[in-house]
Amino acid sequence: MRAVITVIGKDMVGILARVSSVCAENNVNVVEVTQSILQDLFAMIMLVEISKCKIPFPELSEELTKTGKELNLSVHVMHEDIFNSMHRI
């Protein structure tokens, strides 16, 4: 099972480190990352493997959202099944 994590906000040092630390602490493997800096705006999309996550998916989502709020960032976590359902052609 996988999930998509998006992060958007003002660029600063340590965003990737903080988000990936939450993932690592919960045994969530980062499979793929793309990030862009547009002037002072940071945007990142992560594809993560959640099948071995130590906590239930809603708790992981809450923890990442909380981390985002601490950094004044918008962090959104979506289960891959929901993502695929929303983006069917």
# chains A, B, ... in the order shown; residues from 1 in each chain; ligands from 1
>>> residues_around(residues="Arg18 in chain A", least_positions_apart="6", cutoff="10 Å", atoms="only C-alpha atoms", output="PyMOL selection string")
chain A and resi 24+64+67-68+71
>>> write_last_selection(atoms="C-alpha atoms", output="PDB file, in the first residue's frame")
ATOM      1  CA  ALA A  24      11.159   7.052   9.117  1.00  0.00           C
ATOM      2  CA  LEU A  64       2.378  14.863   9.162  1.00  0.00           C
ATOM      3  CA  THR A  67       4.498  18.779  11.475  1.00  0.00           C
ATOM      4  CA  GLY A  68       3.363  20.956   8.583  1.00  0.00           C
ATOM      5  CA  LEU A  71       6.633  24.680   9.966  1.00  0.00           C
TER       6      LEU A  71
END
>>> select_by_dssp(residues="chain A", states="helix (DSSP H, G or I)", output="JSON, numbers by chain")
{"A": [15, 16, 17, 18, 19, 20, 21, 22, 23, 24, 25, 57, 58, 59, 60, 61, 62, 63, 64, 65, 66, 67, 68, 69, 70, 80, 81, 82, 83, 84, 85, 86]}
>>> residues_around(residues="Val31 in chain A", least_positions_apart="5", cutoff="9 Å", atoms="only C-alpha atoms", output="number ranges by chain")
A: 46-49
>>> write_last_selection(atoms="C-alpha atoms", output="CSV table (one decimal), in the first residue's frame")
chain,number,residue,atom,x,y,z
A,46,MET,CA,6.4,12.1,-2.0
A,47,LEU,CA,5.3,8.6,-2.9
A,48,VAL,CA,5.6,6.5,0.2
A,49,GLU,CA,5.1,2.8,1.1
>>> atom_distance(atom1="CA of Glu25 in chain A", atom2="CA of Lys66 in chain A")
14.7 Å
>>> closest_residue(among="A:Met12, A:Leu38, A:Ile5, A:Cys53", to="Met78 in chain A", atoms="only C-alpha atoms")
A:Ile5
>>> residues_around(residues="Phe42 in chain A", least_positions_apart="5", cutoff="10 Å", atoms="only C-alpha atoms", output="list in words")
Val7, Ile8, Gly9, Lys10, Asp11, Met12, Ile15, Gln35, Ser36, Ile37 and Leu73 of chain A
>>> write_last_selection(atoms="N, CA, C and O atoms", output="PDB file, in the first residue's frame")
ATOM      1  N   VAL A   7       3.502  18.675   0.020  1.00  0.00           N
ATOM      2  CA  VAL A   7       3.939  19.726   0.948  1.00  0.00           C
ATOM      3  C   VAL A   7       4.104  21.012   0.149  1.00  0.00           C
ATOM      4  O   VAL A   7       4.794  21.025  -0.875  1.00  0.00           O
ATOM      5  N   ILE A   8       3.477  22.080   0.610  1.00  0.00           N
ATOM      6  CA  ILE A   8       3.578  23.373  -0.063  1.00  0.00           C
ATOM      7  C   ILE A   8       3.735  24.461   0.994  1.00  0.00           C
ATOM      8  O   ILE A   8       3.078  24.429   2.030  1.00  0.00           O
ATOM      9  N   GLY A   9       4.612  25.417   0.710  1.00  0.00           N
ATOM     10  CA  GLY A   9       4.777  26.543   1.626  1.00  0.00           C
ATOM     11  C   GLY A   9       6.022  27.339   1.311  1.00  0.00           C
ATOM     12  O   GLY A   9       6.689  27.112   0.302  1.00  0.00           O
ATOM     13  N   LYS A  10       6.337  28.255   2.190  1.00  0.00           N
ATOM     14  CA  LYS A  10       7.522  29.101   2.028  1.00  0.00           C
ATOM     15  C   LYS A  10       8.769  28.233   2.212  1.00  0.00           C
ATOM     16  O   LYS A  10       8.857  27.454   3.151  1.00  0.00           O
ATOM     17  N   ASP A  11       9.717  28.384   1.318  1.00  0.00           N
ATOM     18  CA  ASP A  11      10.935  27.585   1.368  1.00  0.00           C
ATOM     19  C   ASP A  11      11.763  27.924   2.604  1.00  0.00           C
ATOM     20  O   ASP A  11      11.848  29.081   3.014  1.00  0.00           O
ATOM     21  N   MET A  12      12.327  26.879   3.207  1.00  0.00           N
ATOM     22  CA  MET A  12      13.231  27.035   4.344  1.00  0.00           C
ATOM     23  C   MET A  12      14.085  25.780   4.456  1.00  0.00           C
ATOM     24  O   MET A  12      13.744  24.730   3.880  1.00  0.00           O
ATOM     25  N   ILE A  15      12.886  21.208   5.379  1.00  0.00           N
ATOM     26  CA  ILE A  15      11.527  20.698   5.137  1.00  0.00           C
ATOM     27  C   ILE A  15      11.563  19.212   4.810  1.00  0.00           C
ATOM     28  O   ILE A  15      10.867  18.407   5.437  1.00  0.00           O
ATOM     29  N   GLN A  35      10.647  17.650  -5.903  1.00  0.00           N
ATOM     30  CA  GLN A  35      10.452  18.936  -5.247  1.00  0.00           C
ATOM     31  C   GLN A  35      10.888  20.052  -6.171  1.00  0.00           C
ATOM     32  O   GLN A  35      11.746  19.860  -7.027  1.00  0.00           O
ATOM     33  N   SER A  36      10.270  21.196  -5.989  1.00  0.00           N
ATOM     34  CA  SER A  36      10.594  22.378  -6.780  1.00  0.00           C
ATOM     35  C   SER A  36      10.594  23.597  -5.874  1.00  0.00           C
ATOM     36  O   SER A  36       9.832  23.660  -4.917  1.00  0.00           O
ATOM     37  N   ILE A  37      11.442  24.532  -6.224  1.00  0.00           N
ATOM     38  CA  ILE A  37      11.452  25.824  -5.551  1.00  0.00           C
ATOM     39  C   ILE A  37      11.085  26.855  -6.620  1.00  0.00           C
ATOM     40  O   ILE A  37      11.758  26.964  -7.639  1.00  0.00           O
ATOM     41  N   LEU A  73       3.500  25.105   6.944  1.00  0.00           N
ATOM     42  CA  LEU A  73       3.383  24.508   5.620  1.00  0.00           C
ATOM     43  C   LEU A  73       2.044  23.797   5.493  1.00  0.00           C
ATOM     44  O   LEU A  73       1.470  23.363   6.491  1.00  0.00           O
TER      45      LEU A  73
END
>>> select_by_dssp(residues="range 9-87 of chain A", states="strand (DSSP E)", output="mmCIF file with C-alpha atoms, in the first residue's frame")
data_model
loop_
_atom_site.group_PDB
_atom_site.id
_atom_site.type_symbol
_atom_site.label_atom_id
_atom_site.label_comp_id
_atom_site.auth_asym_id
_atom_site.auth_seq_id
_atom_site.Cartn_x
_atom_site.Cartn_y
_atom_site.Cartn_z
ATOM 1 C CA GLY A 9 4.777 26.543 1.626
ATOM 2 C CA LYS A 10 7.522 29.101 2.028
ATOM 3 C CA ASN A 29 9.521 4.090 3.280
ATOM 4 C CA VAL A 30 9.964 7.028 0.905
ATOM 5 C CA VAL A 31 9.835 5.514 -2.586
ATOM 6 C CA GLU A 32 10.033 8.638 -4.714
ATOM 7 C CA VAL A 33 10.369 12.398 -4.161
ATOM 8 C CA THR A 34 10.057 15.378 -6.436
ATOM 9 C CA GLN A 35 10.452 18.936 -5.247
ATOM 10 C CA SER A 36 10.594 22.378 -6.780
ATOM 11 C CA ILE A 37 11.452 25.824 -5.551
ATOM 12 C CA LEU A 38 9.546 28.610 -7.323
ATOM 13 C CA LEU A 41 7.692 28.796 -2.680
ATOM 14 C CA PHE A 42 8.533 25.165 -1.866
ATOM 15 C CA ALA A 43 6.496 22.345 -3.423
ATOM 16 C CA MET A 44 7.124 18.632 -2.848
ATOM 17 C CA ILE A 45 5.369 15.391 -3.728
ATOM 18 C CA MET A 46 6.405 12.143 -2.043
ATOM 19 C CA LEU A 47 5.283 8.619 -2.884
ATOM 20 C CA VAL A 48 5.618 6.466 0.236
ATOM 21 C CA GLU A 49 5.139 2.792 1.075
ATOM 22 C CA LEU A 73 3.383 24.508 5.620
ATOM 23 C CA SER A 74 0.416 22.823 4.010
ATOM 24 C CA VAL A 75 0.884 19.038 4.227
ATOM 25 C CA HIS A 76 -1.689 16.689 2.734
ATOM 26 C CA VAL A 77 -1.592 12.876 2.847
ATOM 27 C CA MET A 78 -3.735 10.766 0.550
ATOM 28 C CA HIS A 79 -3.969 6.974 0.345
#
>>> atom_distance(atom1="CA of Asp81 in chain A", atom2="CA of Ser61 in chain A")
15.0 Å
>>> closest_residue(among="A:Ser20, A:Ser51, A:Gln39, A:Asn27", to="Met1 in chain A", atoms="only C-alpha atoms")
A:Ser51
>>> atom_distance(atom1="CA of Arg2 in chain A", atom2="CA of Gly14 in chain A")
23.7 Å
>>> decode(residues="range 3-22 of chain A", atoms="N, CA and C atoms", output="PDB file, in the first residue's frame")
ATOM      1  N   ALA A   3       0.993   5.774  -0.348  1.00  0.00           N
ATOM      2  CA  ALA A   3       0.293   7.041  -0.135  1.00  0.00           C
ATOM      3  C   ALA A   3       1.073   8.144  -0.832  1.00  0.00           C
ATOM      4  N   VAL A   4       0.388   9.243  -1.091  1.00  0.00           N
ATOM      5  CA  VAL A   4       0.993  10.425  -1.685  1.00  0.00           C
ATOM      6  C   VAL A   4       0.973  11.530  -0.641  1.00  0.00           C
ATOM      7  N   ILE A   5       2.132  12.129  -0.406  1.00  0.00           N
ATOM      8  CA  ILE A   5       2.251  13.245   0.536  1.00  0.00           C
ATOM      9  C   ILE A   5       2.620  14.476  -0.271  1.00  0.00           C
ATOM     10  N   THR A   6       1.857  15.557  -0.107  1.00  0.00           N
ATOM     11  CA  THR A   6       2.205  16.817  -0.759  1.00  0.00           C
ATOM     12  C   THR A   6       2.523  17.855   0.312  1.00  0.00           C
ATOM     13  N   VAL A   7       3.502  18.675   0.020  1.00  0.00           N
ATOM     14  CA  VAL A   7       3.939  19.726   0.948  1.00  0.00           C
ATOM     15  C   VAL A   7       4.104  21.012   0.149  1.00  0.00           C
ATOM     16  N   ILE A   8       3.477  22.080   0.610  1.00  0.00           N
ATOM     17  CA  ILE A   8       3.578  23.373  -0.063  1.00  0.00           C
ATOM     18  C   ILE A   8       3.735  24.461   0.994  1.00  0.00           C
ATOM     19  N   GLY A   9       4.612  25.417   0.710  1.00  0.00           N
ATOM     20  CA  GLY A   9       4.777  26.543   1.626  1.00  0.00           C
ATOM     21  C   GLY A   9       6.022  27.339   1.311  1.00  0.00           C
ATOM     22  N   LYS A  10       6.337  28.255   2.190  1.00  0.00           N
ATOM     23  CA  LYS A  10       7.522  29.101   2.028  1.00  0.00           C
ATOM     24  C   LYS A  10       8.769  28.233   2.212  1.00  0.00           C
ATOM     25  N   ASP A  11       9.717  28.384   1.318  1.00  0.00           N
ATOM     26  CA  ASP A  11      10.935  27.585   1.368  1.00  0.00           C
ATOM     27  C   ASP A  11      11.763  27.924   2.604  1.00  0.00           C
ATOM     28  N   MET A  12      12.327  26.879   3.207  1.00  0.00           N
ATOM     29  CA  MET A  12      13.231  27.035   4.344  1.00  0.00           C
ATOM     30  C   MET A  12      14.085  25.780   4.456  1.00  0.00           C
ATOM     31  N   VAL A  13      15.137  25.849   5.189  1.00  0.00           N
ATOM     32  CA  VAL A  13      16.015  24.708   5.396  1.00  0.00           C
ATOM     33  C   VAL A  13      15.309  23.641   6.232  1.00  0.00           C
ATOM     34  N   GLY A  14      15.423  22.383   5.822  1.00  0.00           N
ATOM     35  CA  GLY A  14      14.984  21.270   6.652  1.00  0.00           C
ATOM     36  C   GLY A  14      13.602  20.706   6.393  1.00  0.00           C
ATOM     37  N   ILE A  15      12.886  21.208   5.379  1.00  0.00           N
ATOM     38  CA  ILE A  15      11.527  20.698   5.137  1.00  0.00           C
ATOM     39  C   ILE A  15      11.563  19.212   4.810  1.00  0.00           C
ATOM     40  N   LEU A  16      12.352  18.834   3.830  1.00  0.00           N
ATOM     41  CA  LEU A  16      12.445  17.423   3.437  1.00  0.00           C
ATOM     42  C   LEU A  16      12.892  16.565   4.613  1.00  0.00           C
ATOM     43  N   ALA A  17      13.844  17.049   5.385  1.00  0.00           N
ATOM     44  CA  ALA A  17      14.350  16.303   6.538  1.00  0.00           C
ATOM     45  C   ALA A  17      13.253  16.063   7.577  1.00  0.00           C
ATOM     46  N   ARG A  18      12.466  17.087   7.881  1.00  0.00           N
ATOM     47  CA  ARG A  18      11.411  16.939   8.900  1.00  0.00           C
ATOM     48  C   ARG A  18      10.319  15.978   8.451  1.00  0.00           C
ATOM     49  N   VAL A  19       9.873  16.107   7.213  1.00  0.00           N
ATOM     50  CA  VAL A  19       8.806  15.241   6.715  1.00  0.00           C
ATOM     51  C   VAL A  19       9.295  13.801   6.603  1.00  0.00           C
ATOM     52  N   SER A  20      10.488  13.616   6.074  1.00  0.00           N
ATOM     53  CA  SER A  20      11.014  12.252   5.943  1.00  0.00           C
ATOM     54  C   SER A  20      11.336  11.647   7.306  1.00  0.00           C
ATOM     55  N   SER A  21      11.660  12.466   8.308  1.00  0.00           N
ATOM     56  CA  SER A  21      11.894  11.958   9.669  1.00  0.00           C
ATOM     57  C   SER A  21      10.616  11.372  10.261  1.00  0.00           C
ATOM     58  N   VAL A  22       9.489  12.056  10.051  1.00  0.00           N
ATOM     59  CA  VAL A  22       8.205  11.525  10.528  1.00  0.00           C
ATOM     60  C   VAL A  22       7.938  10.181   9.854  1.00  0.00           C
TER      61      VAL A  22
END
